[in-house]
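Source file: work16.txt (compact mmCIF, N, CA and C atoms)
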```txt
# COMPACT_ATOMS: atom_id res chain seq x y z
N MET A 1 -77.22 130.82 -22.53
CA MET A 1 -76.58 129.94 -21.58
C MET A 1 -75.17 130.46 -21.32
N ASN A 2 -74.81 130.52 -20.05
CA ASN A 2 -73.49 131.00 -19.67
C ASN A 2 -72.57 129.80 -19.44
N LEU A 3 -71.61 129.63 -20.33
CA LEU A 3 -70.67 128.51 -20.21
C LEU A 3 -69.78 128.64 -18.97
N GLN A 4 -69.66 129.84 -18.44
CA GLN A 4 -68.80 130.08 -17.28
C GLN A 4 -69.52 129.83 -15.95
N ALA A 5 -70.83 129.65 -15.99
CA ALA A 5 -71.59 129.42 -14.76
C ALA A 5 -71.16 128.11 -14.11
N ASP A 6 -71.27 128.06 -12.78
CA ASP A 6 -70.96 126.79 -12.12
C ASP A 6 -72.06 125.77 -12.46
N ASP A 7 -71.79 124.53 -12.20
CA ASP A 7 -72.71 123.45 -12.59
C ASP A 7 -74.10 123.63 -11.99
N PHE A 8 -74.16 124.08 -10.76
CA PHE A 8 -75.46 124.23 -10.10
C PHE A 8 -76.28 125.34 -10.76
N ALA A 9 -75.62 126.46 -11.04
CA ALA A 9 -76.32 127.56 -11.71
C ALA A 9 -76.75 127.14 -13.11
N LEU A 10 -75.88 126.44 -13.81
CA LEU A 10 -76.18 125.96 -15.15
C LEU A 10 -77.45 125.10 -15.16
N PHE A 11 -77.59 124.26 -14.15
CA PHE A 11 -78.73 123.35 -14.07
C PHE A 11 -79.90 123.94 -13.28
N GLY A 12 -79.73 125.14 -12.74
CA GLY A 12 -80.79 125.76 -11.96
C GLY A 12 -81.09 125.02 -10.67
N LEU A 13 -80.04 124.50 -10.05
CA LEU A 13 -80.18 123.73 -8.81
C LEU A 13 -79.54 124.49 -7.65
N PRO A 14 -80.00 124.25 -6.43
CA PRO A 14 -79.35 124.89 -5.29
C PRO A 14 -77.92 124.35 -5.12
N GLU A 15 -77.02 125.21 -4.70
CA GLU A 15 -75.62 124.81 -4.51
C GLU A 15 -75.51 124.06 -3.18
N GLN A 16 -75.83 122.78 -3.23
CA GLN A 16 -75.77 121.94 -2.04
C GLN A 16 -75.49 120.50 -2.46
N PHE A 17 -75.04 119.71 -1.49
CA PHE A 17 -74.73 118.31 -1.76
C PHE A 17 -76.00 117.50 -2.00
N ALA A 18 -76.99 117.67 -1.12
CA ALA A 18 -78.23 116.89 -1.25
C ALA A 18 -78.96 117.33 -2.52
N GLN A 19 -79.14 116.38 -3.42
CA GLN A 19 -79.82 116.64 -4.69
C GLN A 19 -80.72 115.46 -5.00
N ASN A 20 -81.74 115.73 -5.78
CA ASN A 20 -82.64 114.70 -6.26
C ASN A 20 -82.09 114.20 -7.61
N PRO A 21 -81.62 112.95 -7.68
CA PRO A 21 -81.05 112.45 -8.94
C PRO A 21 -82.01 112.56 -10.13
N ALA A 22 -83.29 112.34 -9.88
CA ALA A 22 -84.27 112.43 -10.98
C ALA A 22 -84.36 113.87 -11.49
N GLU A 23 -84.27 114.82 -10.60
CA GLU A 23 -84.32 116.23 -11.01
C GLU A 23 -83.08 116.60 -11.83
N ILE A 24 -81.92 116.09 -11.43
CA ILE A 24 -80.69 116.34 -12.18
C ILE A 24 -80.84 115.78 -13.59
N SER A 25 -81.32 114.55 -13.69
CA SER A 25 -81.48 113.91 -15.01
C SER A 25 -82.50 114.65 -15.87
N GLU A 26 -83.60 115.06 -15.27
CA GLU A 26 -84.63 115.78 -16.03
C GLU A 26 -84.09 117.12 -16.54
N ARG A 27 -83.37 117.81 -15.67
CA ARG A 27 -82.80 119.11 -16.08
C ARG A 27 -81.78 118.90 -17.20
N TRP A 28 -81.00 117.83 -17.12
CA TRP A 28 -80.02 117.52 -18.17
C TRP A 28 -80.73 117.32 -19.51
N LYS A 29 -81.81 116.56 -19.48
CA LYS A 29 -82.56 116.31 -20.72
C LYS A 29 -83.09 117.62 -21.30
N GLN A 30 -83.63 118.49 -20.45
CA GLN A 30 -84.15 119.77 -20.91
C GLN A 30 -83.05 120.62 -21.54
N LEU A 31 -81.92 120.68 -20.86
CA LEU A 31 -80.80 121.49 -21.38
C LEU A 31 -80.28 120.93 -22.70
N GLN A 32 -80.18 119.60 -22.78
CA GLN A 32 -79.69 118.98 -24.02
C GLN A 32 -80.65 119.21 -25.18
N ARG A 33 -81.94 119.12 -24.90
CA ARG A 33 -82.92 119.38 -25.96
C ARG A 33 -82.77 120.79 -26.51
N GLY A 34 -82.51 121.75 -25.64
CA GLY A 34 -82.41 123.13 -26.07
C GLY A 34 -81.11 123.50 -26.74
N SER A 35 -80.09 122.66 -26.57
CA SER A 35 -78.77 123.03 -27.11
C SER A 35 -78.21 122.02 -28.10
N HIS A 36 -79.00 121.06 -28.50
CA HIS A 36 -78.48 120.04 -29.41
C HIS A 36 -78.06 120.69 -30.74
N PRO A 37 -76.87 120.37 -31.23
CA PRO A 37 -76.37 120.99 -32.47
C PRO A 37 -77.30 120.83 -33.67
N ASP A 38 -78.07 119.76 -33.74
CA ASP A 38 -78.99 119.57 -34.87
C ASP A 38 -80.06 120.66 -34.93
N LYS A 39 -80.40 121.25 -33.78
CA LYS A 39 -81.40 122.32 -33.75
C LYS A 39 -80.89 123.58 -34.46
N PHE A 40 -79.57 123.66 -34.62
CA PHE A 40 -78.97 124.86 -35.18
C PHE A 40 -78.42 124.64 -36.59
N ALA A 41 -78.87 123.57 -37.23
CA ALA A 41 -78.37 123.21 -38.57
C ALA A 41 -78.61 124.33 -39.57
N ALA A 42 -79.72 125.00 -39.48
CA ALA A 42 -80.06 126.05 -40.45
C ALA A 42 -79.34 127.37 -40.15
N GLU A 43 -78.70 127.46 -39.00
CA GLU A 43 -78.06 128.71 -38.59
C GLU A 43 -76.57 128.76 -38.92
N GLY A 44 -76.04 127.74 -39.51
CA GLY A 44 -74.65 127.78 -39.95
C GLY A 44 -73.69 127.09 -39.00
N ALA A 45 -72.43 127.02 -39.46
CA ALA A 45 -71.39 126.27 -38.75
C ALA A 45 -71.05 126.90 -37.40
N ALA A 46 -71.01 128.22 -37.33
CA ALA A 46 -70.65 128.88 -36.07
C ALA A 46 -71.68 128.56 -34.98
N ALA A 47 -72.95 128.61 -35.31
CA ALA A 47 -74.01 128.30 -34.35
C ALA A 47 -73.95 126.84 -33.93
N GLN A 48 -73.62 125.96 -34.87
CA GLN A 48 -73.52 124.53 -34.54
C GLN A 48 -72.32 124.29 -33.62
N ARG A 49 -71.20 124.98 -33.86
CA ARG A 49 -70.04 124.83 -32.98
C ARG A 49 -70.38 125.30 -31.57
N MET A 50 -71.07 126.44 -31.47
CA MET A 50 -71.46 126.96 -30.17
C MET A 50 -72.40 125.98 -29.47
N ALA A 51 -73.34 125.41 -30.20
CA ALA A 51 -74.27 124.43 -29.63
C ALA A 51 -73.50 123.18 -29.16
N ALA A 52 -72.50 122.78 -29.93
CA ALA A 52 -71.69 121.63 -29.53
C ALA A 52 -70.93 121.93 -28.24
N GLN A 53 -70.44 123.17 -28.10
CA GLN A 53 -69.76 123.57 -26.86
C GLN A 53 -70.74 123.54 -25.69
N TYR A 54 -71.94 124.07 -25.89
CA TYR A 54 -72.96 124.03 -24.84
C TYR A 54 -73.27 122.60 -24.45
N SER A 55 -73.45 121.76 -25.45
CA SER A 55 -73.78 120.36 -25.19
C SER A 55 -72.67 119.67 -24.39
N ALA A 56 -71.43 119.92 -24.76
CA ALA A 56 -70.29 119.33 -24.03
C ALA A 56 -70.25 119.84 -22.59
N ARG A 57 -70.49 121.14 -22.41
CA ARG A 57 -70.48 121.73 -21.07
C ARG A 57 -71.60 121.14 -20.22
N ILE A 58 -72.76 120.95 -20.81
CA ILE A 58 -73.89 120.36 -20.09
C ILE A 58 -73.56 118.94 -19.66
N ASN A 59 -72.95 118.17 -20.56
CA ASN A 59 -72.58 116.78 -20.23
C ASN A 59 -71.53 116.74 -19.13
N GLU A 60 -70.58 117.66 -19.17
CA GLU A 60 -69.54 117.74 -18.14
C GLU A 60 -70.17 118.02 -16.77
N ALA A 61 -71.08 118.99 -16.73
CA ALA A 61 -71.75 119.33 -15.48
C ALA A 61 -72.60 118.16 -14.99
N TYR A 62 -73.29 117.52 -15.91
CA TYR A 62 -74.15 116.38 -15.55
C TYR A 62 -73.32 115.27 -14.91
N ALA A 63 -72.18 114.97 -15.47
CA ALA A 63 -71.32 113.91 -14.93
C ALA A 63 -70.90 114.23 -13.49
N ARG A 64 -70.63 115.50 -13.21
CA ARG A 64 -70.24 115.89 -11.85
C ARG A 64 -71.43 115.89 -10.90
N LEU A 65 -72.55 116.40 -11.35
CA LEU A 65 -73.70 116.54 -10.45
C LEU A 65 -74.37 115.21 -10.12
N ARG A 66 -74.39 114.27 -11.04
CA ARG A 66 -75.11 113.02 -10.78
C ARG A 66 -74.32 112.05 -9.90
N ASP A 67 -73.00 112.21 -9.84
CA ASP A 67 -72.15 111.33 -9.03
C ASP A 67 -71.89 112.00 -7.68
N PRO A 68 -72.35 111.40 -6.58
CA PRO A 68 -72.20 112.07 -5.28
C PRO A 68 -70.75 112.37 -4.89
N ILE A 69 -69.83 111.51 -5.24
CA ILE A 69 -68.42 111.75 -4.89
C ILE A 69 -67.89 112.94 -5.70
N LYS A 70 -68.17 112.96 -6.99
CA LYS A 70 -67.73 114.08 -7.82
C LYS A 70 -68.42 115.38 -7.41
N ARG A 71 -69.71 115.28 -7.05
CA ARG A 71 -70.45 116.46 -6.62
C ARG A 71 -69.85 117.02 -5.34
N ALA A 72 -69.51 116.15 -4.40
CA ALA A 72 -68.90 116.59 -3.13
C ALA A 72 -67.55 117.26 -3.39
N ALA A 73 -66.74 116.64 -4.23
CA ALA A 73 -65.43 117.22 -4.54
C ALA A 73 -65.59 118.58 -5.22
N TYR A 74 -66.55 118.70 -6.10
CA TYR A 74 -66.81 119.95 -6.80
C TYR A 74 -67.26 121.04 -5.82
N LEU A 75 -68.15 120.69 -4.91
CA LEU A 75 -68.59 121.65 -3.90
C LEU A 75 -67.44 122.09 -3.01
N CYS A 76 -66.59 121.15 -2.63
CA CYS A 76 -65.42 121.52 -1.82
C CYS A 76 -64.54 122.51 -2.58
N GLU A 77 -64.36 122.25 -3.85
CA GLU A 77 -63.55 123.15 -4.68
C GLU A 77 -64.21 124.53 -4.78
N LEU A 78 -65.51 124.58 -5.02
CA LEU A 78 -66.22 125.85 -5.09
C LEU A 78 -66.11 126.63 -3.79
N ARG A 79 -65.99 125.91 -2.69
CA ARG A 79 -65.95 126.54 -1.37
C ARG A 79 -64.53 126.64 -0.81
N SER A 80 -63.58 126.66 -1.73
CA SER A 80 -62.16 126.90 -1.38
C SER A 80 -61.55 125.83 -0.48
N ALA A 81 -61.99 124.59 -0.65
CA ALA A 81 -61.39 123.46 0.07
C ALA A 81 -61.17 122.33 -0.92
N PRO A 82 -60.31 122.56 -1.93
CA PRO A 82 -60.14 121.54 -2.97
C PRO A 82 -59.60 120.23 -2.42
N ILE A 83 -60.02 119.14 -3.04
CA ILE A 83 -59.60 117.80 -2.63
C ILE A 83 -58.14 117.54 -3.03
N ASN A 84 -57.75 117.98 -4.22
CA ASN A 84 -56.41 117.74 -4.75
C ASN A 84 -56.07 116.25 -4.73
N ALA A 85 -56.97 115.44 -5.22
CA ALA A 85 -56.82 113.99 -5.16
C ALA A 85 -55.56 113.50 -5.86
N GLU A 86 -55.12 114.24 -6.89
CA GLU A 86 -53.91 113.81 -7.62
C GLU A 86 -52.67 113.90 -6.75
N LYS A 87 -52.66 114.88 -5.84
CA LYS A 87 -51.49 115.11 -5.00
C LYS A 87 -51.66 114.61 -3.57
N ASN A 88 -52.89 114.60 -3.10
CA ASN A 88 -53.16 114.26 -1.72
C ASN A 88 -53.41 112.76 -1.60
N THR A 89 -52.40 112.04 -1.21
CA THR A 89 -52.53 110.58 -1.08
C THR A 89 -52.64 110.14 0.38
N ALA A 90 -52.65 111.10 1.31
CA ALA A 90 -52.79 110.76 2.73
C ALA A 90 -54.21 110.27 3.00
N MET A 91 -54.32 109.18 3.71
CA MET A 91 -55.62 108.63 4.06
C MET A 91 -55.68 108.45 5.58
N PRO A 92 -56.86 108.66 6.16
CA PRO A 92 -57.00 108.44 7.60
C PRO A 92 -56.69 106.99 7.94
N PRO A 93 -56.01 106.75 9.05
CA PRO A 93 -55.66 105.37 9.44
C PRO A 93 -56.87 104.45 9.55
N ALA A 94 -57.97 104.94 10.07
CA ALA A 94 -59.17 104.09 10.21
C ALA A 94 -59.67 103.64 8.84
N PHE A 95 -59.60 104.53 7.85
CA PHE A 95 -60.03 104.19 6.50
C PHE A 95 -59.12 103.11 5.92
N LEU A 96 -57.82 103.28 6.09
CA LEU A 96 -56.87 102.29 5.57
C LEU A 96 -57.05 100.93 6.26
N MET A 97 -57.31 100.96 7.55
CA MET A 97 -57.52 99.72 8.29
C MET A 97 -58.77 99.01 7.76
N GLN A 98 -59.83 99.79 7.49
CA GLN A 98 -61.06 99.20 6.95
C GLN A 98 -60.80 98.56 5.60
N GLN A 99 -60.00 99.21 4.76
CA GLN A 99 -59.68 98.66 3.45
C GLN A 99 -58.94 97.33 3.59
N MET A 100 -58.00 97.27 4.53
CA MET A 100 -57.25 96.03 4.76
C MET A 100 -58.18 94.91 5.22
N GLN A 101 -59.12 95.24 6.10
CA GLN A 101 -60.05 94.23 6.60
C GLN A 101 -60.93 93.70 5.46
N TRP A 102 -61.37 94.59 4.59
CA TRP A 102 -62.20 94.14 3.47
C TRP A 102 -61.39 93.28 2.50
N ARG A 103 -60.14 93.64 2.27
CA ARG A 103 -59.30 92.83 1.38
C ARG A 103 -59.08 91.43 1.95
N GLU A 104 -58.83 91.38 3.26
CA GLU A 104 -58.68 90.08 3.91
C GLU A 104 -59.96 89.27 3.80
N ALA A 105 -61.09 89.93 4.01
CA ALA A 105 -62.38 89.24 3.91
C ALA A 105 -62.61 88.73 2.49
N LEU A 106 -62.20 89.51 1.49
CA LEU A 106 -62.33 89.06 0.10
C LEU A 106 -61.45 87.84 -0.16
N ASP A 107 -60.24 87.87 0.39
CA ASP A 107 -59.33 86.72 0.21
C ASP A 107 -59.90 85.46 0.85
N GLU A 108 -60.61 85.65 1.96
CA GLU A 108 -61.13 84.50 2.71
C GLU A 108 -62.53 84.09 2.28
N ALA A 109 -63.18 84.89 1.46
CA ALA A 109 -64.55 84.58 1.02
C ALA A 109 -64.58 83.25 0.30
N GLN A 110 -65.56 82.43 0.69
CA GLN A 110 -65.62 81.10 0.13
C GLN A 110 -66.82 80.87 -0.78
N ASN A 111 -67.73 81.84 -0.79
CA ASN A 111 -68.90 81.68 -1.66
C ASN A 111 -69.51 83.05 -1.97
N GLU A 112 -70.53 83.02 -2.78
CA GLU A 112 -71.16 84.27 -3.22
C GLU A 112 -71.83 85.00 -2.06
N GLN A 113 -72.33 84.27 -1.10
CA GLN A 113 -72.96 84.90 0.06
C GLN A 113 -71.95 85.75 0.82
N HIS A 114 -70.74 85.25 0.99
CA HIS A 114 -69.70 86.03 1.67
C HIS A 114 -69.39 87.30 0.88
N LEU A 115 -69.33 87.18 -0.43
CA LEU A 115 -69.07 88.36 -1.27
C LEU A 115 -70.20 89.37 -1.16
N ASP A 116 -71.43 88.88 -1.11
CA ASP A 116 -72.59 89.77 -0.95
C ASP A 116 -72.55 90.50 0.39
N GLU A 117 -72.11 89.81 1.43
CA GLU A 117 -72.00 90.43 2.75
C GLU A 117 -70.95 91.53 2.74
N ILE A 118 -69.83 91.29 2.10
CA ILE A 118 -68.77 92.30 2.01
C ILE A 118 -69.27 93.49 1.20
N ASP A 119 -69.97 93.21 0.11
CA ASP A 119 -70.54 94.27 -0.71
C ASP A 119 -71.51 95.12 0.10
N SER A 120 -72.35 94.47 0.86
CA SER A 120 -73.33 95.18 1.69
C SER A 120 -72.64 96.05 2.73
N LEU A 121 -71.60 95.51 3.36
CA LEU A 121 -70.85 96.29 4.35
C LEU A 121 -70.18 97.51 3.72
N SER A 122 -69.58 97.32 2.56
CA SER A 122 -68.89 98.44 1.92
C SER A 122 -69.89 99.50 1.45
N ARG A 123 -71.05 99.08 0.96
CA ARG A 123 -72.08 100.05 0.56
C ARG A 123 -72.62 100.82 1.77
N SER A 124 -72.77 100.13 2.86
CA SER A 124 -73.23 100.78 4.09
C SER A 124 -72.20 101.81 4.57
N PHE A 125 -70.95 101.43 4.49
CA PHE A 125 -69.85 102.33 4.87
C PHE A 125 -69.86 103.56 3.97
N GLN A 126 -70.00 103.36 2.67
CA GLN A 126 -70.04 104.48 1.74
C GLN A 126 -71.24 105.39 2.03
N HIS A 127 -72.38 104.79 2.27
CA HIS A 127 -73.59 105.57 2.59
C HIS A 127 -73.36 106.43 3.83
N SER A 128 -72.75 105.84 4.84
CA SER A 128 -72.46 106.57 6.08
C SER A 128 -71.53 107.75 5.81
N LEU A 129 -70.51 107.53 5.00
CA LEU A 129 -69.58 108.62 4.67
C LEU A 129 -70.29 109.72 3.89
N LEU A 130 -71.15 109.35 2.95
CA LEU A 130 -71.88 110.35 2.17
C LEU A 130 -72.81 111.17 3.06
N LEU A 131 -73.41 110.55 4.06
CA LEU A 131 -74.23 111.30 5.01
C LEU A 131 -73.39 112.28 5.82
N GLN A 132 -72.19 111.87 6.20
CA GLN A 132 -71.29 112.77 6.92
C GLN A 132 -70.85 113.94 6.03
N ILE A 133 -70.60 113.64 4.77
CA ILE A 133 -70.23 114.69 3.81
C ILE A 133 -71.38 115.67 3.64
N GLU A 134 -72.60 115.14 3.50
CA GLU A 134 -73.77 116.01 3.39
C GLU A 134 -73.89 116.91 4.61
N GLN A 135 -73.71 116.34 5.78
CA GLN A 135 -73.77 117.12 7.03
C GLN A 135 -72.74 118.24 6.99
N SER A 136 -71.53 117.91 6.59
CA SER A 136 -70.45 118.90 6.56
C SER A 136 -70.71 120.00 5.54
N LEU A 137 -71.19 119.64 4.37
CA LEU A 137 -71.38 120.62 3.31
C LEU A 137 -72.67 121.43 3.44
N ASP A 138 -73.76 120.76 3.77
CA ASP A 138 -75.07 121.42 3.74
C ASP A 138 -75.51 121.99 5.08
N HIS A 139 -75.06 121.41 6.17
CA HIS A 139 -75.59 121.81 7.47
C HIS A 139 -74.58 122.60 8.30
N THR A 140 -73.40 122.05 8.50
CA THR A 140 -72.40 122.77 9.30
C THR A 140 -71.56 123.71 8.45
N LYS A 141 -71.72 123.61 7.13
CA LYS A 141 -71.01 124.49 6.18
C LYS A 141 -69.49 124.44 6.41
N ASP A 142 -68.98 123.22 6.50
CA ASP A 142 -67.55 123.01 6.75
C ASP A 142 -66.95 122.20 5.60
N PRO A 143 -66.59 122.87 4.49
CA PRO A 143 -66.05 122.15 3.34
C PRO A 143 -64.71 121.49 3.61
N LYS A 144 -63.94 122.03 4.54
CA LYS A 144 -62.64 121.39 4.85
C LYS A 144 -62.85 120.02 5.49
N GLN A 145 -63.84 119.92 6.37
CA GLN A 145 -64.15 118.63 6.98
C GLN A 145 -64.66 117.68 5.90
N ALA A 146 -65.51 118.17 5.01
CA ALA A 146 -66.01 117.33 3.91
C ALA A 146 -64.86 116.84 3.04
N ALA A 147 -63.91 117.71 2.76
CA ALA A 147 -62.75 117.33 1.95
C ALA A 147 -61.94 116.24 2.63
N GLU A 148 -61.82 116.30 3.94
CA GLU A 148 -61.09 115.27 4.68
C GLU A 148 -61.82 113.92 4.60
N LEU A 149 -63.16 113.99 4.66
CA LEU A 149 -63.95 112.76 4.59
C LEU A 149 -63.81 112.13 3.22
```

Write the structure described by the file as structure tokens, please.
Amino acid sequence: MNLQADDFALFGLPEQFAQNPAEISERWKQLQRGSHPDKFAAEGAAAQRMAAQYSARINEAYARLRDPIKRAAYLCELRSAPINAEKNTAMPPAFLMQQMQWREALDEAQNEQHLDEIDSLSRSFQHSLLLQIEQSLDHTKDPKQAAEL
């Protein structure tokens, strides 16, 4: 196992945003079974340390690949369009306006049904953005646009 490989190569997956979550989870289980430190108990401390490093690297990659937002950010970084979320606090005006509208709606919500409606709207908005990100990364091959989204 190459600890330096990118997450997609490590998991044997195509380097793209669209992924099958079940396939990611299954591959994670396979990799963990093969690298669990207990399997190397008879081989000594050095082999167990290496297995622990592999296991940690596999878990790190799994956390990025299974989360669509983290996966998108990782792909942008791999394609030389890093998000720089720690430094980049600029947000599109339409996005900020949407956030304000949802906050107002939350303040005015009077029952659970209203909260469910807001939740549904926000999930729909997120789904739409993820589809746009997929389009940018997988189809038009524009990681800078994906990073902006």

(request) Give me, please, the distance in Å between atom C of A:Lys141 and atom N of A:Met91, quoted to one decimal. (result)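 Separation of atom C of A:Lys141 and atom N of A:Met91: 21.7 Å.
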
(message) Just the number, please: distance in Å from atom CA of A:Ala81 to atom C of A:Pro143, one decimal.
(response) 5.2 Å

(request) Go through A:Ala61, A:Leu13, A:Ala52, A:Ala22 one by one, measure the shortest atom-to-atom distance of each to A:Tyr74 using only C-alpha atoms, and give the residue with the smallest value. (result) A:Ala61

Excluding stretch 113-126 of chain A and its own-chain neighbours fewer than 3 positions away, which residues fall within 12 Å of it when counting only C-alpha atoms? Please give them as a PDB file with N, CA and C atoms, keeping the file's coordinate frame.
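Listed below is the output, part-v9.pdb:
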```
ATOM      1  N   PRO A  68     -72.350 111.400  -6.580  1.00  0.00           N
ATOM      2  CA  PRO A  68     -72.200 112.070  -5.280  1.00  0.00           C
ATOM      3  C   PRO A  68     -70.750 112.370  -4.890  1.00  0.00           C
ATOM      4  N   ILE A  69     -69.830 111.510  -5.240  1.00  0.00           N
ATOM      5  CA  ILE A  69     -68.420 111.750  -4.890  1.00  0.00           C
ATOM      6  C   ILE A  69     -67.890 112.940  -5.700  1.00  0.00           C
ATOM      7  N   PHE A  95     -59.600 104.530   7.850  1.00  0.00           N
ATOM      8  CA  PHE A  95     -60.030 104.190   6.500  1.00  0.00           C
ATOM      9  C   PHE A  95     -59.120 103.110   5.920  1.00  0.00           C
ATOM     10  N   GLN A  98     -59.830  99.790   7.490  1.00  0.00           N
ATOM     11  CA  GLN A  98     -61.060  99.200   6.950  1.00  0.00           C
ATOM     12  C   GLN A  98     -60.800  98.560   5.600  1.00  0.00           C
ATOM     13  N   GLN A  99     -60.000  99.210   4.760  1.00  0.00           N
ATOM     14  CA  GLN A  99     -59.680  98.660   3.450  1.00  0.00           C
ATOM     15  C   GLN A  99     -58.940  97.330   3.590  1.00  0.00           C
ATOM     16  N   GLN A 101     -59.120  95.240   6.100  1.00  0.00           N
ATOM     17  CA  GLN A 101     -60.050  94.230   6.600  1.00  0.00           C
ATOM     18  C   GLN A 101     -60.930  93.700   5.460  1.00  0.00           C
ATOM     19  N   TRP A 102     -61.370  94.590   4.590  1.00  0.00           N
ATOM     20  CA  TRP A 102     -62.200  94.140   3.470  1.00  0.00           C
ATOM     21  C   TRP A 102     -61.390  93.280   2.500  1.00  0.00           C
ATOM     22  N   ARG A 103     -60.140  93.640   2.270  1.00  0.00           N
ATOM     23  CA  ARG A 103     -59.300  92.830   1.380  1.00  0.00           C
ATOM     24  C   ARG A 103     -59.080  91.430   1.950  1.00  0.00           C
ATOM     25  N   GLU A 104     -58.830  91.380   3.260  1.00  0.00           N
ATOM     26  CA  GLU A 104     -58.680  90.080   3.910  1.00  0.00           C
ATOM     27  C   GLU A 104     -59.960  89.270   3.800  1.00  0.00           C
ATOM     28  N   ALA A 105     -61.090  89.930   4.010  1.00  0.00           N
ATOM     29  CA  ALA A 105     -62.380  89.240   3.910  1.00  0.00           C
ATOM     30  C   ALA A 105     -62.610  88.730   2.490  1.00  0.00           C
ATOM     31  N   LEU A 106     -62.200  89.510   1.490  1.00  0.00           N
ATOM     32  CA  LEU A 106     -62.330  89.060   0.100  1.00  0.00           C
ATOM     33  C   LEU A 106     -61.450  87.840  -0.160  1.00  0.00           C
ATOM     34  N   ASP A 107     -60.240  87.870   0.390  1.00  0.00           N
ATOM     35  CA  ASP A 107     -59.330  86.720   0.210  1.00  0.00           C
ATOM     36  C   ASP A 107     -59.900  85.460   0.850  1.00  0.00           C
ATOM     37  N   GLU A 108     -60.610  85.650   1.960  1.00  0.00           N
ATOM     38  CA  GLU A 108     -61.130  84.500   2.710  1.00  0.00           C
ATOM     39  C   GLU A 108     -62.530  84.090   2.280  1.00  0.00           C
ATOM     40  N   ALA A 109     -63.180  84.890   1.460  1.00  0.00           N
ATOM     41  CA  ALA A 109     -64.550  84.580   1.020  1.00  0.00           C
ATOM     42  C   ALA A 109     -64.580  83.250   0.300  1.00  0.00           C
ATOM     43  N   GLN A 110     -65.560  82.430   0.690  1.00  0.00           N
ATOM     44  CA  GLN A 110     -65.620  81.100   0.130  1.00  0.00           C
ATOM     45  C   GLN A 110     -66.820  80.870  -0.780  1.00  0.00           C
ATOM     46  N   LEU A 129     -70.510 107.530   5.000  1.00  0.00           N
ATOM     47  CA  LEU A 129     -69.580 108.620   4.670  1.00  0.00           C
ATOM     48  C   LEU A 129     -70.290 109.720   3.890  1.00  0.00           C
ATOM     49  N   LEU A 130     -71.150 109.350   2.950  1.00  0.00           N
ATOM     50  CA  LEU A 130     -71.880 110.350   2.170  1.00  0.00           C
ATOM     51  C   LEU A 130     -72.810 111.170   3.060  1.00  0.00           C
ATOM     52  N   LEU A 131     -73.410 110.550   4.060  1.00  0.00           N
ATOM     53  CA  LEU A 131     -74.230 111.300   5.010  1.00  0.00           C
ATOM     54  C   LEU A 131     -73.390 112.280   5.820  1.00  0.00           C
ATOM     55  N   GLN A 132     -72.190 111.870   6.200  1.00  0.00           N
ATOM     56  CA  GLN A 132     -71.290 112.770   6.920  1.00  0.00           C
ATOM     57  C   GLN A 132     -70.850 113.940   6.030  1.00  0.00           C
ATOM     58  N   ILE A 133     -70.600 113.640   4.770  1.00  0.00           N
ATOM     59  CA  ILE A 133     -70.230 114.690   3.810  1.00  0.00           C
ATOM     60  C   ILE A 133     -71.380 115.670   3.640  1.00  0.00           C
ATOM     61  N   LEU A 149     -63.160 113.990   4.660  1.00  0.00           N
ATOM     62  CA  LEU A 149     -63.950 112.760   4.590  1.00  0.00           C
ATOM     63  C   LEU A 149     -63.810 112.130   3.220  1.00  0.00           C
TER      64      LEU A 149
END
```

When you look at A:Arg49 with a cut-off of 7 Å (counting all atoms listed in the file), what residues show up, excluding the ones that are within fewer than 5 positions of it in the same chain? I need them as a PDB file with N, CA and C atoms, in the coordinates of the input.
```pdb
ATOM      1  N   PRO A  37     -76.870 120.370 -31.230  1.00  0.00           N
ATOM      2  CA  PRO A  37     -76.370 120.990 -32.470  1.00  0.00           C
ATOM      3  C   PRO A  37     -77.300 120.830 -33.670  1.00  0.00           C
ATOM      4  N   GLY A  44     -76.040 127.740 -39.510  1.00  0.00           N
ATOM      5  CA  GLY A  44     -74.650 127.780 -39.950  1.00  0.00           C
ATOM      6  C   GLY A  44     -73.690 127.090 -39.000  1.00  0.00           C
ATOM      7  N   TYR A  54     -71.940 124.070 -25.890  1.00  0.00           N
ATOM      8  CA  TYR A  54     -72.960 124.030 -24.840  1.00  0.00           C
ATOM      9  C   TYR A  54     -73.270 122.600 -24.450  1.00  0.00           C
TER      10      TYR A  54
END
```

Quick one: everything within 9 Å of A:Leu3, counting only C-alpha atoms, minus sequence neighbours fewer than 6 positions away in the same chain. Send it as a JSON list (two decimals) with N, CA and C atoms, in the coordinates of the input.
```json
[["chain", "number", "residue", "atom", "x", "y", "z"],
["A", 10, "LEU", "N", -75.88, 126.44, -13.81],
["A", 10, "LEU", "CA", -76.18, 125.96, -15.15],
["A", 10, "LEU", "C", -77.45, 125.10, -15.16],
["A", 53, "GLN", "N", -70.44, 123.17, -28.10],
["A", 53, "GLN", "CA", -69.76, 123.57, -26.86],
["A", 53, "GLN", "C", -70.74, 123.54, -25.69],
["A", 54, "TYR", "N", -71.94, 124.07, -25.89],
["A", 54, "TYR", "CA", -72.96, 124.03, -24.84],
["A", 54, "TYR", "C", -73.27, 122.60, -24.45],
["A", 57, "ARG", "N", -70.49, 121.14, -22.41],
["A", 57, "ARG", "CA", -70.48, 121.73, -21.07],
["A", 57, "ARG", "C", -71.60, 121.14, -20.22],
["A", 58, "ILE", "N", -72.76, 120.95, -20.81],
["A", 58, "ILE", "CA", -73.89, 120.36, -20.09],
["A", 58, "ILE", "C", -73.56, 118.94, -19.66]]
```

(message) One decimal, in Å: what's the spacing between atom CA of A:Gln16 and atom CA of A:Glu134?
(response) 8.3 Å

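If you measure from each of A:Ala85, A:Phe17, A:Gln135, A:Asp7 to A:Ala72 using only C-alpha atoms, the closest one turns out to be A:Phe17.
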
(request) List every residue of chain A that DSSP, applied to the backbone, labels as helix (DSSP H, G or I), and write the result as a VMD selection string. (result) chain A and resid 7 to 11 21 to 35 37 to 43 45 to 66 68 to 78 93 to 108 112 to 139 143 to 148

Could the centre and edge lengths of an axis-aligned box, enclosing all atoms of stretch 106-116 of chain A in the file with 3 Å extra on each side, be given in Å to one decimal as JSON?
```
{"center_x": -66.1, "center_y": 85.7, "center_z": -0.3, "size_x": 19.6, "size_y": 15.6, "size_z": 11.9}
```
